[in-house]
$ cat target12.txt   # compact mmCIF, C-alpha atoms
# COMPACT_ATOMS: atom_id res chain seq x y z
CA MET A 1 1.30 -24.31 -98.77
CA ALA A 2 4.89 -23.67 -98.44
CA GLU A 3 6.82 -24.16 -101.56
CA LEU A 4 10.23 -25.53 -101.82
CA ASP A 5 12.40 -23.78 -104.30
CA THR A 6 14.27 -26.48 -106.06
CA SER A 7 15.70 -24.34 -108.77
CA GLN A 8 19.35 -23.73 -108.34
CA GLY A 9 20.83 -20.33 -108.51
CA LYS A 10 21.26 -19.35 -112.09
CA GLY A 11 23.89 -16.80 -111.44
CA GLY A 12 26.80 -19.16 -110.88
CA GLY A 13 29.55 -20.08 -113.19
CA GLY A 14 28.17 -23.00 -115.25
CA LYS A 15 24.61 -23.47 -116.33
CA SER A 16 23.36 -26.28 -114.10
CA LYS A 17 21.13 -28.79 -115.83
CA LYS A 18 17.61 -29.15 -114.53
CA MET A 19 17.03 -32.77 -113.66
CA SER A 20 13.75 -34.22 -114.85
CA THR A 21 11.58 -35.76 -112.17
CA ARG A 22 10.05 -38.18 -114.62
CA VAL A 23 11.07 -41.81 -114.49
CA ASP A 24 10.66 -44.18 -117.38
CA LEU A 25 7.94 -46.54 -116.18
CA THR A 26 8.08 -48.93 -119.13
CA PRO A 27 10.09 -51.71 -117.39
CA MET A 28 7.82 -51.47 -114.38
CA VAL A 29 4.73 -51.88 -116.54
CA ASP A 30 6.38 -54.81 -118.29
CA LEU A 31 7.01 -56.49 -115.01
CA ALA A 32 3.51 -55.79 -113.74
CA PHE A 33 1.92 -57.30 -116.82
CA LEU A 34 4.12 -60.35 -116.58
CA LEU A 35 2.93 -60.92 -113.03
CA ILE A 36 -0.69 -60.28 -114.01
CA THR A 37 -0.41 -62.92 -116.69
CA PHE A 38 1.05 -65.36 -114.20
CA PHE A 39 -1.68 -64.82 -111.63
CA MET A 40 -4.42 -64.89 -114.24
CA LEU A 41 -3.26 -68.23 -115.56
CA THR A 42 -2.81 -69.79 -112.14
CA THR A 43 -6.22 -68.69 -110.85
CA THR A 44 -8.36 -69.90 -113.70
CA MET A 45 -6.53 -72.94 -114.98
CA ASN A 46 -6.61 -75.26 -112.01
CA LYS A 47 -10.32 -75.68 -111.54
CA PRO A 48 -11.30 -79.24 -112.32
CA GLN A 49 -14.70 -80.37 -113.50
CA VAL A 50 -17.06 -82.53 -111.54
CA MET A 51 -19.53 -85.12 -112.62
CA GLU A 52 -22.62 -85.61 -110.54
CA ILE A 53 -23.73 -89.06 -109.58
CA ASN A 54 -26.63 -90.23 -107.46
CA MET A 55 -26.34 -93.54 -105.71
CA PRO A 56 -29.41 -95.42 -104.51
CA VAL A 57 -29.85 -95.86 -100.80
CA LYS A 58 -29.92 -99.44 -99.64
CA PRO A 59 -33.59 -100.39 -99.63
CA LYS A 60 -35.24 -101.03 -96.31
CA ALA A 61 -37.37 -104.08 -95.69
CA GLU A 62 -40.65 -102.14 -95.62
CA ASP A 63 -39.96 -100.31 -98.89
CA PRO A 64 -42.15 -101.29 -101.84
CA LYS A 65 -40.50 -103.46 -104.45
CA PRO A 66 -39.18 -101.54 -107.41
CA PRO A 67 -41.12 -102.14 -110.64
CA GLU A 68 -39.92 -104.85 -112.93
CA VAL A 69 -38.07 -103.82 -116.04
CA GLU A 70 -38.79 -105.48 -119.36
CA ALA A 71 -35.77 -107.48 -120.41
CA SER A 72 -35.93 -106.23 -123.98
CA ARG A 73 -34.97 -102.70 -123.08
CA VAL A 74 -32.01 -103.60 -120.91
CA LEU A 75 -28.39 -103.62 -121.94
CA THR A 76 -25.90 -104.95 -119.45
CA VAL A 77 -22.32 -103.82 -119.65
CA ILE A 78 -19.59 -105.59 -117.70
CA LEU A 79 -16.31 -103.80 -117.13
CA GLY A 80 -13.52 -106.32 -117.24
CA LYS A 81 -9.79 -106.10 -116.70
CA ASP A 82 -7.30 -104.39 -119.00
CA ASN A 83 -9.95 -101.99 -120.29
CA THR A 84 -12.16 -104.66 -121.79
CA VAL A 85 -15.92 -104.35 -121.91
CA TRP A 86 -18.40 -107.19 -122.18
CA TYR A 87 -22.05 -106.73 -122.93
CA TYR A 88 -25.27 -108.60 -123.47
CA GLU A 89 -28.86 -107.64 -124.07
CA GLY A 90 -31.63 -108.53 -121.71
CA LEU A 91 -31.43 -109.61 -118.11
CA GLU A 92 -30.15 -113.17 -118.37
CA ALA A 93 -26.91 -113.87 -120.11
CA PRO A 94 -26.82 -116.77 -122.52
CA GLU A 95 -23.62 -115.42 -124.00
CA ILE A 96 -21.66 -112.22 -123.75
CA LYS A 97 -19.90 -110.26 -126.42
CA ASN A 98 -16.58 -108.53 -126.12
CA ALA A 99 -16.00 -104.87 -126.98
CA ASN A 100 -13.72 -102.03 -126.10
CA TYR A 101 -14.40 -98.49 -124.98
CA GLN A 102 -14.57 -97.24 -128.56
CA ASP A 103 -16.99 -99.88 -129.87
CA ILE A 104 -19.33 -99.79 -126.91
CA ARG A 105 -20.78 -96.47 -127.98
CA LYS A 106 -22.16 -97.97 -131.16
CA VAL A 107 -23.61 -100.87 -129.19
CA ILE A 108 -25.33 -98.52 -126.76
CA LEU A 109 -26.62 -96.24 -129.50
CA ASP A 110 -27.94 -99.22 -131.48
CA LYS A 111 -29.74 -100.48 -128.41
CA LYS A 112 -31.13 -97.01 -127.76
CA ALA A 113 -32.38 -96.75 -131.33
CA ALA A 114 -33.96 -100.21 -131.13
CA VAL A 115 -35.79 -99.35 -127.91
CA GLU A 116 -36.97 -96.02 -129.27
CA ALA A 117 -38.27 -97.74 -132.40
CA ASN A 118 -40.35 -100.06 -130.26
CA PRO A 119 -43.80 -98.45 -129.75
CA ALA A 120 -44.18 -100.18 -126.39
CA PHE A 121 -41.31 -98.23 -124.87
CA GLY A 122 -40.50 -95.01 -126.69
CA LYS A 123 -37.99 -92.36 -125.84
CA ASP A 124 -35.57 -92.47 -122.90
CA LYS A 125 -36.64 -95.91 -121.75
CA THR A 126 -33.36 -97.67 -122.43
CA VAL A 127 -31.84 -99.11 -119.29
CA VAL A 128 -28.13 -99.69 -119.07
CA ILE A 129 -26.79 -101.74 -116.21
CA ILE A 130 -23.13 -101.21 -115.47
CA LYS A 131 -21.41 -104.05 -113.69
CA PRO A 132 -17.80 -103.40 -112.79
CA THR A 133 -15.74 -106.47 -111.95
CA ASP A 134 -13.01 -106.35 -109.35
CA ASP A 135 -10.43 -105.94 -112.10
CA ALA A 136 -12.01 -102.76 -113.42
CA ILE A 137 -10.32 -99.50 -112.56
CA TYR A 138 -11.81 -96.15 -111.63
CA LYS A 139 -11.17 -94.76 -115.09
CA ASN A 140 -13.38 -97.46 -116.62
CA ILE A 141 -16.26 -96.55 -114.34
CA VAL A 142 -15.96 -92.84 -115.03
CA ASP A 143 -15.63 -93.51 -118.76
CA MET A 144 -18.77 -95.60 -118.67
CA LEU A 145 -20.73 -92.99 -116.71
CA ASP A 146 -19.46 -90.42 -119.15
CA GLU A 147 -20.60 -92.61 -122.01
CA MET A 148 -24.11 -92.51 -120.53
CA ALA A 149 -24.02 -88.70 -120.70
CA ILE A 150 -22.63 -88.73 -124.23
CA ASP A 151 -25.17 -91.23 -125.53
CA GLY A 152 -28.05 -89.63 -123.69
CA ILE A 153 -29.00 -92.67 -121.62
CA LYS A 154 -31.26 -91.45 -118.84
CA ILE A 155 -31.67 -94.67 -116.85
CA TYR A 156 -28.57 -96.49 -115.74
CA ALA A 157 -27.45 -98.25 -112.62
CA MET A 158 -24.31 -99.69 -111.12
CA VAL A 159 -24.91 -103.21 -109.93
CA PRO A 160 -22.54 -105.84 -108.52
CA VAL A 161 -21.50 -108.48 -111.00
CA THR A 162 -22.90 -112.00 -110.61
CA LYS A 163 -21.03 -115.28 -110.48
CA THR A 164 -22.50 -116.45 -113.80
CA GLU A 165 -21.31 -113.33 -115.54
CA LEU A 166 -17.85 -113.62 -114.05
CA ASP A 167 -17.64 -117.19 -115.34
CA LEU A 168 -18.70 -116.05 -118.80
CA VAL A 169 -16.12 -113.27 -118.77
CA GLY A 170 -13.49 -115.72 -117.61
CA LYS A 171 -14.42 -118.13 -120.37
CA GLY A 172 -14.33 -115.30 -122.89
CA ASN A 173 -10.87 -114.32 -121.73
CA THR A 174 -9.46 -117.82 -122.15
CA GLU A 175 -11.03 -118.13 -125.59
CA ALA A 176 -9.51 -114.83 -126.62
CA ASN A 177 -6.13 -116.10 -125.51
CA LYS A 178 -6.51 -119.35 -127.44
CA THR A 179 -7.04 -117.64 -130.76
CA PRO A 180 -4.27 -115.14 -131.22
CA LYS A 181 -4.90 -112.60 -133.91
CA MET B 1 -0.68 -14.86 -140.84
CA PRO B 2 1.18 -15.98 -137.81
CA LYS B 3 4.19 -18.06 -138.24
CA HIS B 4 3.24 -21.69 -138.19
CA LYS B 5 5.56 -23.42 -135.85
CA MET B 6 5.56 -27.19 -136.23
CA LYS B 7 5.60 -28.66 -132.80
CA ARG B 8 7.74 -31.73 -132.58
CA LYS B 9 5.83 -34.51 -130.94
CA SER B 10 7.57 -36.60 -128.39
CA THR B 11 7.56 -40.35 -128.96
CA THR B 12 7.55 -41.18 -125.27
CA ILE B 13 4.18 -41.49 -123.69
CA ASP B 14 3.28 -41.15 -120.09
CA MET B 15 3.31 -44.60 -118.58
CA THR B 16 1.97 -43.61 -115.18
CA ALA B 17 -1.67 -44.33 -115.97
CA MET B 18 -0.89 -47.68 -117.51
CA CYS B 19 1.24 -48.55 -114.55
CA ASP B 20 -1.60 -47.67 -112.20
CA VAL B 21 -4.03 -49.90 -114.06
CA SER B 22 -1.65 -52.82 -114.29
CA PHE B 23 -0.84 -52.71 -110.61
CA LEU B 24 -4.49 -52.51 -109.74
CA LEU B 25 -5.11 -55.67 -111.76
CA LEU B 26 -2.03 -57.29 -110.28
CA THR B 27 -3.27 -56.61 -106.76
CA PHE B 28 -6.68 -58.02 -107.64
CA PHE B 29 -5.31 -61.24 -109.04
CA MET B 30 -2.88 -61.66 -106.21
CA LEU B 31 -5.66 -61.36 -103.67
CA ALA B 32 -8.03 -63.51 -105.68
CA THR B 33 -5.51 -66.34 -105.90
CA LYS B 34 -6.01 -68.77 -103.12
CA PHE B 35 -3.02 -70.88 -102.43
CA LYS B 36 -3.99 -74.39 -101.66
CA PRO B 37 -2.74 -76.15 -98.55
CA PRO B 38 -0.02 -78.67 -99.36
CA GLU B 39 -1.32 -81.65 -101.29
CA ASN B 40 -0.50 -84.78 -99.36
CA VAL B 41 -1.51 -87.07 -102.14
CA THR B 42 -1.34 -86.77 -105.89
CA VAL B 43 -3.93 -88.33 -108.15
CA VAL B 44 -4.48 -88.30 -111.87
CA THR B 45 -8.16 -87.66 -112.43
CA PRO B 46 -9.98 -89.33 -115.33
CA THR B 47 -11.45 -87.25 -118.11
CA SER B 48 -15.09 -86.59 -118.83
CA ILE B 49 -17.22 -84.30 -120.95
CA SER B 50 -18.85 -82.81 -117.88
CA ASP B 51 -18.39 -79.05 -117.72
CA THR B 52 -19.70 -78.38 -114.24
CA LYS B 53 -17.04 -76.67 -112.21
CA ILE B 54 -16.09 -77.90 -108.79
CA ALA B 55 -17.39 -75.90 -105.86
CA GLU B 56 -14.65 -74.20 -103.89
CA THR B 57 -16.39 -73.91 -100.57
CA ASN B 58 -18.61 -76.23 -98.57
CA VAL B 59 -16.97 -79.38 -99.81
CA MET B 60 -15.79 -82.61 -98.30
CA VAL B 61 -13.20 -84.17 -100.55
CA ILE B 62 -12.51 -87.88 -100.41
CA THR B 63 -9.38 -88.74 -102.32
CA ILE B 64 -8.57 -92.28 -103.37
CA ASP B 65 -5.08 -92.71 -104.70
CA LYS B 66 -3.85 -95.41 -107.05
CA ASP B 67 -2.90 -97.74 -104.19
CA GLY B 68 -6.41 -97.52 -102.78
CA ARG B 69 -5.52 -95.28 -99.86
CA VAL B 70 -8.36 -93.02 -98.79
CA PHE B 71 -7.83 -89.41 -97.69
CA PHE B 72 -10.36 -86.99 -96.26
CA GLU B 73 -10.35 -83.23 -96.42
CA MET B 74 -12.70 -80.34 -95.73
CA ASP B 75 -12.41 -76.74 -96.76
CA GLY B 76 -12.13 -73.76 -94.45
CA GLN B 77 -9.87 -73.57 -91.42
CA PRO B 78 -12.64 -72.81 -88.88
CA THR B 79 -14.63 -75.79 -90.17
CA LYS B 80 -11.61 -78.04 -89.93
CA LYS B 81 -10.93 -76.84 -86.42
CA GLU B 82 -14.50 -77.67 -85.43
CA LEU B 83 -14.22 -81.05 -87.12
CA ILE B 84 -11.05 -82.07 -85.32
CA THR B 85 -12.40 -80.78 -82.01
CA ALA B 86 -15.53 -82.88 -82.44
CA ILE B 87 -13.51 -85.94 -83.34
CA ASN B 88 -11.08 -85.37 -80.51
CA ASP B 89 -13.86 -85.12 -77.95
CA ASP B 90 -15.73 -88.07 -79.30
CA ARG B 91 -12.90 -90.51 -79.88
CA LYS B 92 -10.77 -89.41 -76.87
CA LEU B 93 -7.70 -88.90 -79.02
CA GLY B 94 -6.06 -86.55 -76.54
CA LEU B 95 -4.94 -84.01 -79.10
CA ASN B 96 -3.56 -80.72 -77.84
CA GLU B 97 -4.13 -77.26 -79.29
CA ASN B 98 -1.05 -77.39 -81.52
CA GLU B 99 -2.02 -80.69 -83.06
CA MET B 100 -5.52 -79.44 -83.78
CA ASN B 101 -4.12 -76.30 -85.40
CA SER B 102 -1.86 -78.48 -87.47
CA PHE B 103 -4.94 -80.31 -88.73
CA ALA B 104 -6.71 -77.04 -89.55
CA LEU B 105 -3.74 -75.80 -91.57
CA GLY B 106 -2.78 -79.04 -93.25
CA GLY B 107 -4.19 -80.76 -96.28
CA ALA B 108 -5.92 -84.09 -96.74
CA VAL B 109 -5.54 -86.59 -93.91
CA GLY B 110 -5.18 -90.29 -94.59
CA VAL B 111 -4.45 -92.01 -91.30
CA PRO B 112 -6.57 -94.10 -88.94
CA PHE B 113 -7.76 -92.36 -85.77
CA ASP B 114 -5.14 -94.05 -83.58
CA GLN B 115 -2.30 -92.66 -85.69
CA LEU B 116 -3.76 -89.18 -85.92
CA LYS B 117 -1.83 -87.77 -82.95
CA ASN B 118 1.44 -89.05 -84.30
CA TYR B 119 0.66 -87.74 -87.77
CA LEU B 120 -0.32 -84.27 -86.58
CA ASN B 121 2.92 -83.98 -84.62
CA THR B 122 4.79 -84.17 -87.90
CA PRO B 123 5.68 -80.68 -89.14
CA LEU B 124 3.37 -79.47 -91.93
CA GLY B 125 6.03 -79.61 -94.61
CA ASP B 126 6.95 -83.21 -93.78
CA GLN B 127 3.43 -84.62 -93.71
CA LYS B 128 3.77 -85.58 -97.35
CA GLU B 129 6.59 -87.93 -96.38
CA TYR B 130 4.55 -89.51 -93.60
CA LYS B 131 3.59 -92.98 -94.72
CA SER B 132 -0.18 -92.58 -94.53
CA PRO B 133 -1.89 -95.96 -94.67
CA GLY B 134 -5.18 -94.36 -95.68
CA ILE B 135 -8.40 -94.08 -93.73
CA PRO B 136 -9.82 -97.55 -93.04
CA VAL B 137 -12.95 -98.14 -95.06
CA ASP B 138 -15.23 -101.09 -95.56
CA THR B 139 -18.43 -101.93 -97.39
CA ALA B 140 -20.25 -102.49 -94.12
CA LEU B 141 -20.88 -99.78 -91.56
CA THR B 142 -18.85 -101.25 -88.73
CA ASP B 143 -16.81 -99.35 -86.18
CA ALA B 144 -13.77 -100.09 -88.29
CA ASN B 145 -15.23 -98.05 -91.12
CA GLU B 146 -13.58 -94.77 -90.16
CA LEU B 147 -14.41 -93.00 -93.40
CA PHE B 148 -18.05 -93.19 -92.38
CA LYS B 149 -17.16 -91.48 -89.09
CA TRP B 150 -15.24 -88.74 -90.88
CA VAL B 151 -18.14 -88.01 -93.19
CA ALA B 152 -20.62 -88.16 -90.31
CA TYR B 153 -18.60 -85.62 -88.31
CA GLY B 154 -18.21 -83.53 -91.43
CA ARG B 155 -21.98 -83.50 -91.83
CA ILE B 156 -22.35 -82.28 -88.25
CA VAL B 157 -19.90 -79.37 -88.55
CA ASN B 158 -21.09 -78.36 -92.00
CA PRO B 159 -24.49 -79.77 -93.02
CA GLU B 160 -24.29 -77.94 -96.34
CA ALA B 161 -21.08 -79.59 -97.48
CA ARG B 162 -21.12 -81.47 -100.76
CA LEU B 163 -19.30 -84.72 -101.14
CA VAL B 164 -16.62 -84.78 -103.77
CA ILE B 165 -14.74 -87.92 -104.72
CA LYS B 166 -11.40 -87.59 -106.36
CA GLY B 167 -10.17 -90.91 -107.60
CA ASP B 168 -7.05 -91.88 -109.48
CA VAL B 169 -7.51 -93.37 -112.95
CA SER B 170 -5.93 -96.66 -111.94
CA THR B 171 -7.69 -97.20 -108.61
CA LYS B 172 -9.14 -100.70 -108.54
CA TYR B 173 -12.89 -101.11 -108.39
CA PRO B 174 -13.14 -102.91 -105.01
CA MET B 175 -11.80 -99.83 -103.23
CA ILE B 176 -14.16 -97.54 -105.15
CA ASN B 177 -17.01 -99.85 -104.26
CA LYS B 178 -16.13 -99.66 -100.57
CA VAL B 179 -16.19 -95.86 -100.64
CA PHE B 180 -19.40 -95.71 -102.67
CA SER B 181 -21.23 -98.14 -100.43
CA THR B 182 -20.05 -96.32 -97.32
CA LEU B 183 -21.48 -93.10 -98.64
CA ALA B 184 -24.74 -94.46 -99.99
CA ASN B 185 -26.30 -94.38 -96.58
CA ASP B 186 -29.26 -92.64 -95.08
CA LYS B 187 -27.44 -91.47 -91.98
CA ILE B 188 -24.90 -89.31 -93.79
CA LYS B 189 -27.00 -88.45 -96.86
CA GLY B 190 -24.15 -89.39 -99.12
CA TYR B 191 -26.07 -90.82 -102.04
CA LYS B 192 -25.46 -87.70 -104.07
CA PHE B 193 -21.86 -86.90 -104.76
CA ASN B 194 -19.57 -85.48 -107.37
CA LEU B 195 -16.67 -87.15 -109.11
CA VAL B 196 -13.76 -84.93 -109.95
CA THR B 197 -12.74 -85.19 -113.57
CA SER B 198 -10.65 -83.18 -115.94
CA MET B 199 -11.79 -81.81 -119.26
CA LYS B 200 -12.05 -84.01 -122.32
CA MET B 201 -12.47 -82.45 -125.70
CA GLY B 202 -14.33 -83.84 -128.66
CA ASP B 203 -17.31 -85.82 -127.46
CA GLN B 204 -20.41 -83.80 -126.87
CA PRO B 205 -23.60 -85.04 -125.27
CA LYS B 206 -26.37 -85.96 -127.67
CA GLU B 207 -28.91 -83.22 -127.86
CA ASP B 208 -32.48 -84.22 -127.28
CA ASN B 209 -34.54 -83.34 -130.30
$ encode --input "target12.txt" --output "structure tokens"
Amino acid sequence: MAELDTSQGKGGGGKSKKMSTRVDLTPMVDLAFLLITFFMLTTTMNKPQVMEINMPVKPKAEDPKPPEVEASRVLTVILGKDNTVWYYEGLEAPEIKNANYQDIRKVILDKKAAVEANPAFGKDKTVVIIKPTDDAIYKNIVDMLDEMAIDGIKIYAMVPVTKTELDLVGKGNTEANKTPK
Amino acid sequence: MPKHKMKRKSTTIDMTAMCDVSFLLLTFFMLATKFKPPENVTVVTPTSISDTKIAETNVMVITIDKDGRVFFEMDGQPTKKELITAINDDRKLGLNENEMNSFALGGAVGVPFDQLKNYLNTPLGDQKEYKSPGIPVDTALTDANELFKWVAYGRIVNPEARLVIKGDVSTKYPMINKVFSTLANDKIKGYKFNLVTSMKMGDQPKEDN
């Protein structure tokens, strides 16, 4: 390989200084790491979670009837407006009780414990029926589905609310307004 | 005994190797970052304890914003191109090549079929300003239920695609119900879908013991 003689003649008048070919790379490394940090944070941070949900297919006429569920292991939860929750035990509603999204966990867990204590049913037989009213918002539904995961309820369903229940919720709302705390 | 000469150590170290490594990493992260197409709609997702991560590919995303407008989106430009071609042929929308490319490059679409041509003629950057009325959706599977059509076409171009629903916290239930009942149908196999949520700390699922 041909070599290039970069050294300057040493015979001249002054002693010429030999320039170093090395460059200080520290600022460049600083910059590179700053950018790495930026890209690392942007790539991993914006990945949202998903929650899986299975919806039943509308039953066809020739499908066999689903088995009946004993009323004593059913808890019905109605999602009302302004983040209110109403609930009753069993399938028919003589009266409904009011709760909020903090209290409902205790209600569900109590129901779960009661069903598990019953020798006729045993573990994971609690059925929770979620009935969102038209005033419920998406957050309420997701919160409720999430509550099922937190409380370990294996059987739950989303069912349209009935007229009777709506009337009861409506009555409950007016009563709550009559007695200010 | 030879004279012991103390060598003075330099405090500067050679940065070249470090620089090499950092730029290698930088290149990797730059290439790994996928910039999303412009978001035409912003939603605040509710929180949950679920820690399953969203799939990046093979997804059909249905977005419902707080006013109940429905948007549809698929991933992958070739898939989107196929989707819009199928829809164009089937619904006789008369879209040209440019408009179909605009669909492939753009983000979520929230207009009825008859406005699609007009919408796709809007430059990509201005589509956010386009007043999208949302995809018409209904509880019943009528011809007016265009979301059903979108999902059905999506199933044809990518049978593997998972359905992902991204709702806003304050979306009213009737709209959610319409979308859910549209999907829960044998023809489009939509009874299994994912809800997009963001992380909530604190509550953990009860362990079975």
$ closest_atom_pairs --input "target12.txt" --of "chain B" --to "chain A" --cutoff "7 Å" --atoms "all atoms listed in the file" --output "tab-separated table"
residue	atom	partner	partner_atom	distance
B:Met15	CA	A:Leu25	CA	5.6
B:Thr16	CA	A:Leu25	CA	6.7
B:Cys19	CA	A:Val29	CA	5.2
B:Ser22	CA	A:Ala32	CA	6.0
B:Phe23	CA	A:Ala32	CA	6.2
B:Leu25	CA	A:Ile36	CA	6.8
B:Leu26	CA	A:Ile36	CA	5.0
B:Phe29	CA	A:Phe39	CA	5.7
B:Met30	CA	A:Phe39	CA	6.4
B:Thr33	CA	A:Thr43	CA	5.5
B:Pro46	CA	A:Lys139	CA	5.6
B:Ser48	CA	A:Asp146	CA	5.8
B:Ile49	CA	A:Asp146	CA	6.8
B:Ser50	CA	A:Met51	CA	5.8
B:Asp51	CA	A:Gln49	CA	5.8
B:Thr52	CA	A:Gln49	CA	5.4
B:Lys53	CA	A:Gln49	CA	4.6
B:Ile54	CA	A:Val50	CA	5.5
B:Gly167	CA	A:Tyr138	CA	6.8
B:Asp168	CA	A:Tyr138	CA	6.7
B:Val169	CA	A:Lys139	CA	4.5
B:Ser170	CA	A:Ile137	CA	5.3
B:Thr171	CA	A:Tyr138	CA	5.2
B:Lys172	CA	A:Ile137	CA	4.4
B:Tyr173	CA	A:Ile137	CA	5.2
B:Pro174	CA	A:Asp134	CA	5.5
B:Ala184	CA	A:Val57	CA	5.4
B:Asn185	CA	A:Val57	CA	5.7
B:Asp186	CA	A:Val57	CA	6.6
B:Tyr191	CA	A:Met55	CA	4.6
B:Lys192	CA	A:Asn54	CA	4.4
B:Phe193	CA	A:Ile53	CA	5.6
B:Asn194	CA	A:Glu52	CA	4.4
B:Leu195	CA	A:Met51	CA	5.0
B:Val196	CA	A:Val50	CA	4.4
B:Thr197	CA	A:Gln49	CA	5.2
B:Ser198	CA	A:Pro48	CA	5.4
B:Met199	CA	A:Gln49	CA	6.6
B:Asp203	CA	A:Ile150	CA	6.9
B:Gln204	CA	A:Ile150	CA	6.0
B:Pro205	CA	A:Ile150	CA	4.0
B:Lys206	CA	A:Gly152	CA	5.7
$ atom_distance --input "target12.txt" --atom1 "CA of Lys80 in chain B" --atom2 "CA of Asp67 in chain B"
25.8 Å
$ atom_distance --input "target12.txt" --atom1 "CA of Ile135 in chain B" --atom2 "CA of Arg69 in chain B"
6.9 Å
$ atom_distance --input "target12.txt" --atom1 "CA of Ile84 in chain B" --atom2 "CA of Thr122 in chain B"
16.2 Å
$ closest_residue --input "target12.txt" --among "A:Lys65, A:Leu168, A:Ile155, A:Ile104" --to "Thr126 in chain A" --atoms "all atoms listed in the file"
A:Ile155
$ residues_around --input "target12.txt" --residues "Tyr88 in chain A" --least-positions-apart "3" --cutoff "8 Å" --atoms "all atoms listed in the file" --output "short mmCIF file (atom, residue, chain, number, x, y, z; two decimals) with C-alpha atoms, in the coordinates of the input"
data_model
loop_
_atom_site.label_atom_id
_atom_site.label_comp_id
_atom_site.auth_asym_id
_atom_site.auth_seq_id
_atom_site.Cartn_x
_atom_site.Cartn_y
_atom_site.Cartn_z
CA LEU A 75 -28.39 -103.62 -121.94
CA THR A 76 -25.90 -104.95 -119.45
CA VAL A 77 -22.32 -103.82 -119.65
CA ALA A 93 -26.91 -113.87 -120.11
CA GLU A 95 -23.62 -115.42 -124.00
CA ILE A 96 -21.66 -112.22 -123.75
CA LYS A 97 -19.90 -110.26 -126.42
#
